[in-house]
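Okay, structure first, notes after.
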Amino acid sequence: MTRHYNEAMIEIRNISKHYDRVQALRDVSLSVGRGEVFGIIGPDGAGKTSMYRILCSLLLPDSGSATIGGFDVVNQMTEIRRRVGYMPGRFSLYQDLTVEENLNFFATLFGTTVAENYDSIKAIYSQIERFKNRKAGALSGGMKQKLALCCALVHKPSVLFLDEPTTGVDPVSRKELWELLLQLNERDITIVASTPYIDEVRLCERVAFLSEGEVKGVGTADEILNEFRDVFNPPAIERVGGADAGEADSEPDSDNVIEVEHLVKAFGAFHAVEDISFKVKKGEIFGFLGANGAGKTTAMHMLTGLSQPSGGTGRVVGYDISTEYEKIKQHIGYMSQKFSLYEDLTVAENIRLFAGIYGMRDDDIERKTDELLNQLRFSDHANTLVKSLPLGWKQKLAFSVSIFHEPGVVFLDEPTGGVDPATRRQFWELIYDASSRGITVFVTTHYMDEAEYCDRISIMVDGKIKAIGTPDALKQEFKQPDMEHVFTYLARQATRSEG
């Protein structure tokens with residue numbers, strides 16, 4: 001049941017903002033109650049981040065006004081910054097500083113000390129304090145977010161803004177972070193958060209739906225999710241002719257694109273990957289899941305030729321991962337959430353660059369570039385700089401570029417992080433199309449609804465594969481209603497320290 005607030009903490013009146021020809025915000029008006037948990041949701045490019053930056057006094061609006069606790073975000077910046085904490089969508093920490101150094105730095109920025117305000121962050125910081133001498137860049141996703149939250153709270157703000165704080169974080173760590181946020185809310189901290197995860201949207205008392213820079217609706221989570229169901233609850237994907245992944249290990253070896261036997265990767269005494277074995281066949285969509293720190297990224301680096309194993313064997317598209325890793329790189333596709341395209345090149349220039357890297361002929365590049373632009377409906381944007389594209393467009397382009405040379409297998413490392421459900425659905429239609437053409441798709445994801453789209457799934461815990469099979473088989477084996485519960489059940493069995 002939604003509480004009714006007699007006092008507004010945040011008042012936004014007719015805010016507008018544009019960048020050159022792009023209208024980021026158009027006449028936006030909102031009111032958020034003191035002590036409310038309020039969600040700002042919407043598709044990529046809706047204007048959410050611009051709104052956060054204006055409210056935190058980091059960006060000036062073109063017109064309109066906004067106040068926080070009665071203070072104007074333009075004319076009273078000093079008062080605003082004393083009262084707000086901000087976790088931006090991109091990683092806000094200094095990766096080469098330690099946990100303790102990051103926290104002390106942010107405390108200094110606000111003219112305070114960690115000791116003075118320790119009580120305000122104790123519940124969160126106590127969970128990571130034993131890693132205070134570790135560099136932030138070496139932390140797991142969940143620990144980074146806890147540290148970022150501590151840095152945003154170290155000056156005791158009364159309002160906390162979070163721009164998709166759990167993107168790239170596994171389901172268990174996401175739940176832990178939101179438990180912390182709701183505990184903060186009990187201390188009367190007003191929380192404004194954006195998220196692409198529907199379960200997190202439902203934790204907000206009210207939400208505002210932004211699209212194309214405008215507020216399309218404000219109400220309870222259920223009201224908004226129902227009214228705009230086409231965006232947040234698109235129809236299920238109908239897959240035609242998917243791979244028969246019933247028992248891939250029983251298929252002839254000639255059908256296997258990936259074969260791994262007793263693979264190990266050690267860093268000194270620490271075994272990031274500990275004796276894993278599996279096979280993936282041609283055209284299969286194989287989900288490779290695990291909590292942050294479980295070892296899946298390390299395993300993927302070995303399979304893609306970026307690092308070599310400490311023990312065991314593996315072959316990818318017929319090449320040995322220990323001795324023929326340079327050949328592997330030439331015959332696979334790879335897409336990472338962190339880097340896939342060159343932002344300062346145009347759409348067409350990115351396509352031509354990667355096609356050249358993959359060794360394609362000039363006439364093939366020209367022909368296939370036109371075909372791809374038409375397929376993606378990007379023909380009018382061939383000369384548009386990638387950095388000006390919405391995130392969902394970038395990711396669809398990045399995936400298409402990664403399979404432009406028709407590789408035997410494409411590796412996708414959290415390809416849809418931070419993308420709204422409708423855009424994610426479009427992305428998975430591209431994955432299904434690639435699979436139907438015989439391209440094997442090896443994908444990591446923290447969206448458990450996407451896990452349901454895979455032919456088979458493996459789940460890593462503490463460097464080992466704890467479960468492998470079809471989504472239906474795993475749900476039956478562990479007696480769980482969906483993959484979210486399967487993942488959580490297994491991930492909570494982890495015993496080694498994260499990070």
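Ligands are numbered from 1 in the order shown, chains are lettered A, B, ... in the order of the structure tokens, and residues start at 1 in each chain.
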
Write out as a list in words which residues come within 7 Å of A:Arg134 when counting only C-alpha atoms, dropping same-chain ones fewer than 2 positions away. Thr98, Val99, Phe131, Lys132, Ala136 and Ala138 of chain A

Take the residues that were just selected and, keeping C-alpha atoms, output them as an mmCIF file, in the first residue's frame.
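Written file, result30.cif:
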```cif
data_model
loop_
_atom_site.group_PDB
_atom_site.id
_atom_site.type_symbol
_atom_site.label_atom_id
_atom_site.label_comp_id
_atom_site.auth_asym_id
_atom_site.auth_seq_id
_atom_site.Cartn_x
_atom_site.Cartn_y
_atom_site.Cartn_z
ATOM 1 C CA THR A 98 41.838 1.125 -2.258
ATOM 2 C CA VAL A 99 38.476 0.741 -0.583
ATOM 3 C CA PHE A 131 38.919 -5.614 2.166
ATOM 4 C CA LYS A 132 39.806 -1.994 2.979
ATOM 5 C CA ALA A 136 38.402 -0.902 -5.932
ATOM 6 C CA ALA A 138 39.703 -5.701 -7.977
#
```

Using only C-alpha atoms, which protein or nucleic acid residues come within 10 Å of stretch 323-329 of chain A? Drop anything in the same chain fewer than 2 positions from it, and give the result as a PDB file with N, CA and C atoms, in the first residue's frame.
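Okay, this is what ended up in around00.pdb:
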```pdb
ATOM      1  N   MET A 302      39.620 -17.622 -20.941  1.00  0.00           N
ATOM      2  CA  MET A 302      40.386 -18.758 -21.479  1.00  0.00           C
ATOM      3  C   MET A 302      39.778 -19.250 -22.791  1.00  0.00           C
ATOM      4  N   LEU A 303      38.472 -19.314 -22.862  1.00  0.00           N
ATOM      5  CA  LEU A 303      37.811 -19.817 -24.065  1.00  0.00           C
ATOM      6  C   LEU A 303      37.997 -18.882 -25.259  1.00  0.00           C
ATOM      7  N   THR A 304      38.163 -17.588 -24.989  1.00  0.00           N
ATOM      8  CA  THR A 304      38.312 -16.617 -26.079  1.00  0.00           C
ATOM      9  C   THR A 304      39.771 -16.314 -26.402  1.00  0.00           C
ATOM     10  N   GLY A 305      40.696 -17.010 -25.761  1.00  0.00           N
ATOM     11  CA  GLY A 305      42.108 -16.836 -26.080  1.00  0.00           C
ATOM     12  C   GLY A 305      42.766 -15.658 -25.395  1.00  0.00           C
ATOM     13  N   LEU A 306      42.075 -15.049 -24.425  1.00  0.00           N
ATOM     14  CA  LEU A 306      42.639 -13.885 -23.740  1.00  0.00           C
ATOM     15  C   LEU A 306      43.575 -14.278 -22.607  1.00  0.00           C
ATOM     16  N   SER A 307      43.440 -15.503 -22.107  1.00  0.00           N
ATOM     17  CA  SER A 307      44.392 -16.030 -21.125  1.00  0.00           C
ATOM     18  C   SER A 307      44.452 -17.536 -21.292  1.00  0.00           C
ATOM     19  N   GLN A 308      45.526 -18.135 -20.770  1.00  0.00           N
ATOM     20  CA  GLN A 308      45.725 -19.563 -20.960  1.00  0.00           C
ATOM     21  C   GLN A 308      45.502 -20.310 -19.642  1.00  0.00           C
ATOM     22  N   ARG A 315      38.987 -26.965 -26.353  1.00  0.00           N
ATOM     23  CA  ARG A 315      39.036 -26.644 -27.773  1.00  0.00           C
ATOM     24  C   ARG A 315      37.824 -25.772 -28.107  1.00  0.00           C
ATOM     25  N   VAL A 316      38.072 -24.739 -28.887  1.00  0.00           N
ATOM     26  CA  VAL A 316      37.020 -23.840 -29.359  1.00  0.00           C
ATOM     27  C   VAL A 316      37.137 -23.739 -30.870  1.00  0.00           C
ATOM     28  N   VAL A 317      36.040 -23.991 -31.558  1.00  0.00           N
ATOM     29  CA  VAL A 317      35.991 -24.074 -33.032  1.00  0.00           C
ATOM     30  C   VAL A 317      37.165 -24.887 -33.581  1.00  0.00           C
ATOM     31  N   GLY A 318      37.514 -25.972 -32.877  1.00  0.00           N
ATOM     32  CA  GLY A 318      38.531 -26.892 -33.347  1.00  0.00           C
ATOM     33  C   GLY A 318      39.946 -26.559 -32.940  1.00  0.00           C
ATOM     34  N   TYR A 319      40.161 -25.424 -32.271  1.00  0.00           N
ATOM     35  CA  TYR A 319      41.509 -24.996 -31.903  1.00  0.00           C
ATOM     36  C   TYR A 319      41.746 -25.147 -30.402  1.00  0.00           C
ATOM     37  N   ASP A 320      43.000 -25.510 -30.068  1.00  0.00           N
ATOM     38  CA  ASP A 320      43.394 -25.736 -28.682  1.00  0.00           C
ATOM     39  C   ASP A 320      43.564 -24.400 -27.959  1.00  0.00           C
ATOM     40  N   ILE A 321      42.870 -24.232 -26.800  1.00  0.00           N
ATOM     41  CA  ILE A 321      42.914 -22.952 -26.104  1.00  0.00           C
ATOM     42  C   ILE A 321      44.277 -22.686 -25.460  1.00  0.00           C
ATOM     43  N   HIS A 331      38.409 -16.723 -35.292  1.00  0.00           N
ATOM     44  CA  HIS A 331      37.253 -17.499 -35.719  1.00  0.00           C
ATOM     45  C   HIS A 331      36.064 -17.414 -34.756  1.00  0.00           C
ATOM     46  N   ILE A 332      36.128 -16.456 -33.841  1.00  0.00           N
ATOM     47  CA  ILE A 332      35.014 -16.255 -32.920  1.00  0.00           C
ATOM     48  C   ILE A 332      34.558 -14.804 -32.993  1.00  0.00           C
ATOM     49  N   GLY A 333      33.382 -14.542 -32.431  1.00  0.00           N
ATOM     50  CA  GLY A 333      32.936 -13.179 -32.204  1.00  0.00           C
ATOM     51  C   GLY A 333      32.913 -12.934 -30.709  1.00  0.00           C
ATOM     52  N   TYR A 334      33.047 -11.672 -30.313  1.00  0.00           N
ATOM     53  CA  TYR A 334      33.060 -11.352 -28.881  1.00  0.00           C
ATOM     54  C   TYR A 334      32.398 -10.003 -28.655  1.00  0.00           C
ATOM     55  N   TYR A 358      38.622  -8.728 -38.841  1.00  0.00           N
ATOM     56  CA  TYR A 358      38.289 -10.142 -39.015  1.00  0.00           C
ATOM     57  C   TYR A 358      38.754 -10.690 -40.371  1.00  0.00           C
ATOM     58  N   PRO A 407      31.119 -16.050 -37.489  1.00  0.00           N
ATOM     59  CA  PRO A 407      32.011 -16.921 -36.708  1.00  0.00           C
ATOM     60  C   PRO A 407      31.309 -18.210 -36.315  1.00  0.00           C
ATOM     61  N   GLY A 408      32.103 -19.185 -35.875  1.00  0.00           N
ATOM     62  CA  GLY A 408      31.516 -20.438 -35.412  1.00  0.00           C
ATOM     63  C   GLY A 408      30.814 -20.274 -34.083  1.00  0.00           C
ATOM     64  N   VAL A 409      31.309 -19.348 -33.260  1.00  0.00           N
ATOM     65  CA  VAL A 409      30.721 -19.098 -31.942  1.00  0.00           C
ATOM     66  C   VAL A 409      30.898 -17.622 -31.607  1.00  0.00           C
TER      67      VAL A 409
END
```

Separation of atom CA of A:Phe105 from atom CA of A:Glu179 in Å: 26.0 Å

Could you pull out the residues in stretch 332-469 of chain A that DSSP calls alpha helix (DSSP H) from the backbone, as a ChimeraX atom specification? /A:347-357,362-376,391-402,421-436,448-451

For the selection you just gave me, I'd like the residues written to a file as a CSV table (one decimal), in the first residue's frame, keeping C-alpha atoms.
```csv
chain,number,residue,atom,x,y,z
A,347,VAL,CA,28.1,3.4,-37.4
A,348,ALA,CA,29.5,2.5,-40.8
A,349,GLU,CA,33.1,3.1,-39.8
A,350,ASN,CA,32.7,0.7,-36.8
A,351,ILE,CA,31.3,-2.0,-39.2
A,352,ARG,CA,34.1,-1.6,-41.7
A,353,LEU,CA,36.8,-1.5,-39.0
A,354,PHE,CA,35.8,-4.7,-37.3
A,355,ALA,CA,35.2,-6.4,-40.7
A,356,GLY,CA,38.8,-5.5,-41.6
A,357,ILE,CA,40.1,-6.9,-38.3
A,362,ASP,CA,36.5,-5.3,-49.3
A,363,ASP,CA,33.7,-6.2,-51.7
A,364,ASP,CA,32.1,-8.5,-49.1
A,365,ILE,CA,32.4,-5.7,-46.5
A,366,GLU,CA,30.6,-3.2,-48.8
A,367,ARG,CA,27.8,-5.6,-49.7
A,368,LYS,CA,27.2,-6.9,-46.1
A,369,THR,CA,27.4,-3.4,-44.6
A,370,ASP,CA,24.4,-2.3,-46.7
A,371,GLU,CA,22.6,-5.5,-45.8
A,372,LEU,CA,23.2,-5.0,-42.1
A,373,LEU,CA,22.2,-1.3,-42.0
A,374,ASN,CA,18.9,-2.3,-43.7
A,375,GLN,CA,18.3,-5.2,-41.4
A,376,LEU,CA,18.8,-3.0,-38.3
A,391,LEU,CA,22.3,2.2,-25.4
A,392,GLY,CA,19.9,-0.3,-26.9
A,393,TRP,CA,20.9,0.7,-30.4
A,394,LYS,CA,24.6,0.4,-29.5
A,395,GLN,CA,24.2,-3.1,-28.2
A,396,LYS,CA,22.2,-4.3,-31.2
A,397,LEU,CA,24.9,-2.8,-33.5
A,398,ALA,CA,27.7,-4.3,-31.3
A,399,PHE,CA,26.2,-7.8,-31.5
A,400,SER,CA,25.7,-7.5,-35.3
A,401,VAL,CA,29.3,-6.4,-35.7
A,402,SER,CA,30.5,-9.3,-33.6
A,421,PRO,CA,12.7,-5.3,-21.4
A,422,ALA,CA,11.4,-4.3,-24.9
A,423,THR,CA,14.9,-3.6,-26.2
A,424,ARG,CA,16.2,-6.8,-24.6
A,425,ARG,CA,13.5,-8.7,-26.4
A,426,GLN,CA,14.6,-7.3,-29.7
A,427,PHE,CA,18.2,-8.2,-28.9
A,428,TRP,CA,17.3,-11.8,-28.2
A,429,GLU,CA,15.5,-12.0,-31.5
A,430,LEU,CA,18.9,-11.2,-33.1
A,431,ILE,CA,20.4,-14.0,-31.0
A,432,TYR,CA,17.8,-16.5,-32.1
A,433,ASP,CA,18.4,-15.5,-35.7
A,434,ALA,CA,22.1,-16.1,-35.3
A,435,SER,CA,21.5,-19.4,-33.7
A,436,SER,CA,19.2,-20.5,-36.5
A,448,MET,CA,17.1,-14.6,-15.1
A,449,ASP,CA,14.3,-14.3,-17.7
A,450,GLU,CA,17.1,-14.4,-20.3
A,451,ALA,CA,18.4,-17.6,-18.8
```

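Rounded to one decimal, atom CA of A:Cys150 and atom CA of A:Pro171 lie 20.3 Å from each other.
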
Nearest residue to A:Gly69 from the set A:Asn256, A:Leu93, A:Leu103, A:Val32 (distances using only C-alpha atoms):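 The shortest atom-to-atom distance to A:Gly69 comes from A:Val32.
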
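Shortest atom-to-atom contact with A:Arg26 among A:Thr195, A:Ser211, A:Ser57, A:Gln76: A:Ser211, counting only C-alpha atoms.
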
Would you kindly return, as a list in words, each protein, DNA or RNA residue with an atom no farther than 9 Å from any atom of stretch 295-301 of chain A, considering only C-alpha atoms and excluding same-chain residues fewer than 3 positions away?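 Using only C-alpha atoms, the neighbours found are Leu263, Val264, Lys265, His271, Ala272, Val273, Glu274, Phe288, Leu289, Gly290, Ala291, Asn292, Thr304, Gly305, Leu306, Ser307, Gln308, Pro309, Phe411, Asp413, Thr444, Ile459, Met460, Val461, Asp462, Gly463 and Lys464 of chain A.
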
Can you list, as a list in words, all residues belonging to stretch 89-197 of chain A that DSSP tags as strand (DSSP E or B)? Thr98, Lys135, Val159, Leu160, Phe161, Leu162, Asp163, Thr190, Ile191, Val192, Ala193 and Ser194 of chain A

Written file, previous selection with N, CA, C and O atoms, as a compact mmCIF listing (two decimals), in the first residue's frame:
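For reference, part.txt as written:
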```txt
# COMPACT_ATOMS: atom_id res chain seq x y z
N THR A 98 42.39 2.21 -3.08
CA THR A 98 41.84 1.13 -2.26
C THR A 98 40.43 1.48 -1.78
O THR A 98 39.97 2.62 -1.92
N LYS A 135 42.32 -2.71 -3.89
CA LYS A 135 41.95 -1.69 -4.86
C LYS A 135 40.52 -1.91 -5.34
O LYS A 135 40.08 -3.05 -5.52
N VAL A 159 18.76 12.84 0.85
CA VAL A 159 18.21 12.31 -0.40
C VAL A 159 19.29 11.51 -1.10
O VAL A 159 20.44 11.96 -1.19
N LEU A 160 18.94 10.33 -1.59
CA LEU A 160 19.89 9.47 -2.29
C LEU A 160 19.37 9.20 -3.70
O LEU A 160 18.26 8.69 -3.87
N PHE A 161 20.16 9.57 -4.70
CA PHE A 161 19.82 9.32 -6.10
C PHE A 161 20.66 8.15 -6.61
O PHE A 161 21.90 8.16 -6.46
N LEU A 162 20.00 7.16 -7.22
CA LEU A 162 20.71 5.98 -7.73
C LEU A 162 20.30 5.75 -9.18
O LEU A 162 19.13 5.49 -9.48
N ASP A 163 21.28 5.84 -10.08
CA ASP A 163 21.03 5.66 -11.51
C ASP A 163 21.41 4.23 -11.90
O ASP A 163 22.57 3.93 -12.15
N THR A 190 15.20 9.89 1.73
CA THR A 190 14.40 9.81 0.51
C THR A 190 15.25 9.16 -0.58
O THR A 190 16.40 9.56 -0.79
N ILE A 191 14.70 8.16 -1.26
CA ILE A 191 15.45 7.41 -2.26
C ILE A 191 14.77 7.54 -3.61
O ILE A 191 13.56 7.27 -3.74
N VAL A 192 15.54 7.95 -4.60
CA VAL A 192 15.06 8.03 -5.98
C VAL A 192 15.97 7.14 -6.82
O VAL A 192 17.18 7.36 -6.88
N ALA A 193 15.41 6.10 -7.43
CA ALA A 193 16.22 5.10 -8.13
C ALA A 193 15.63 4.78 -9.49
O ALA A 193 14.41 4.76 -9.66
N SER A 194 16.51 4.53 -10.45
CA SER A 194 16.08 3.99 -11.74
C SER A 194 16.63 2.58 -11.87
O SER A 194 17.70 2.27 -11.33
```
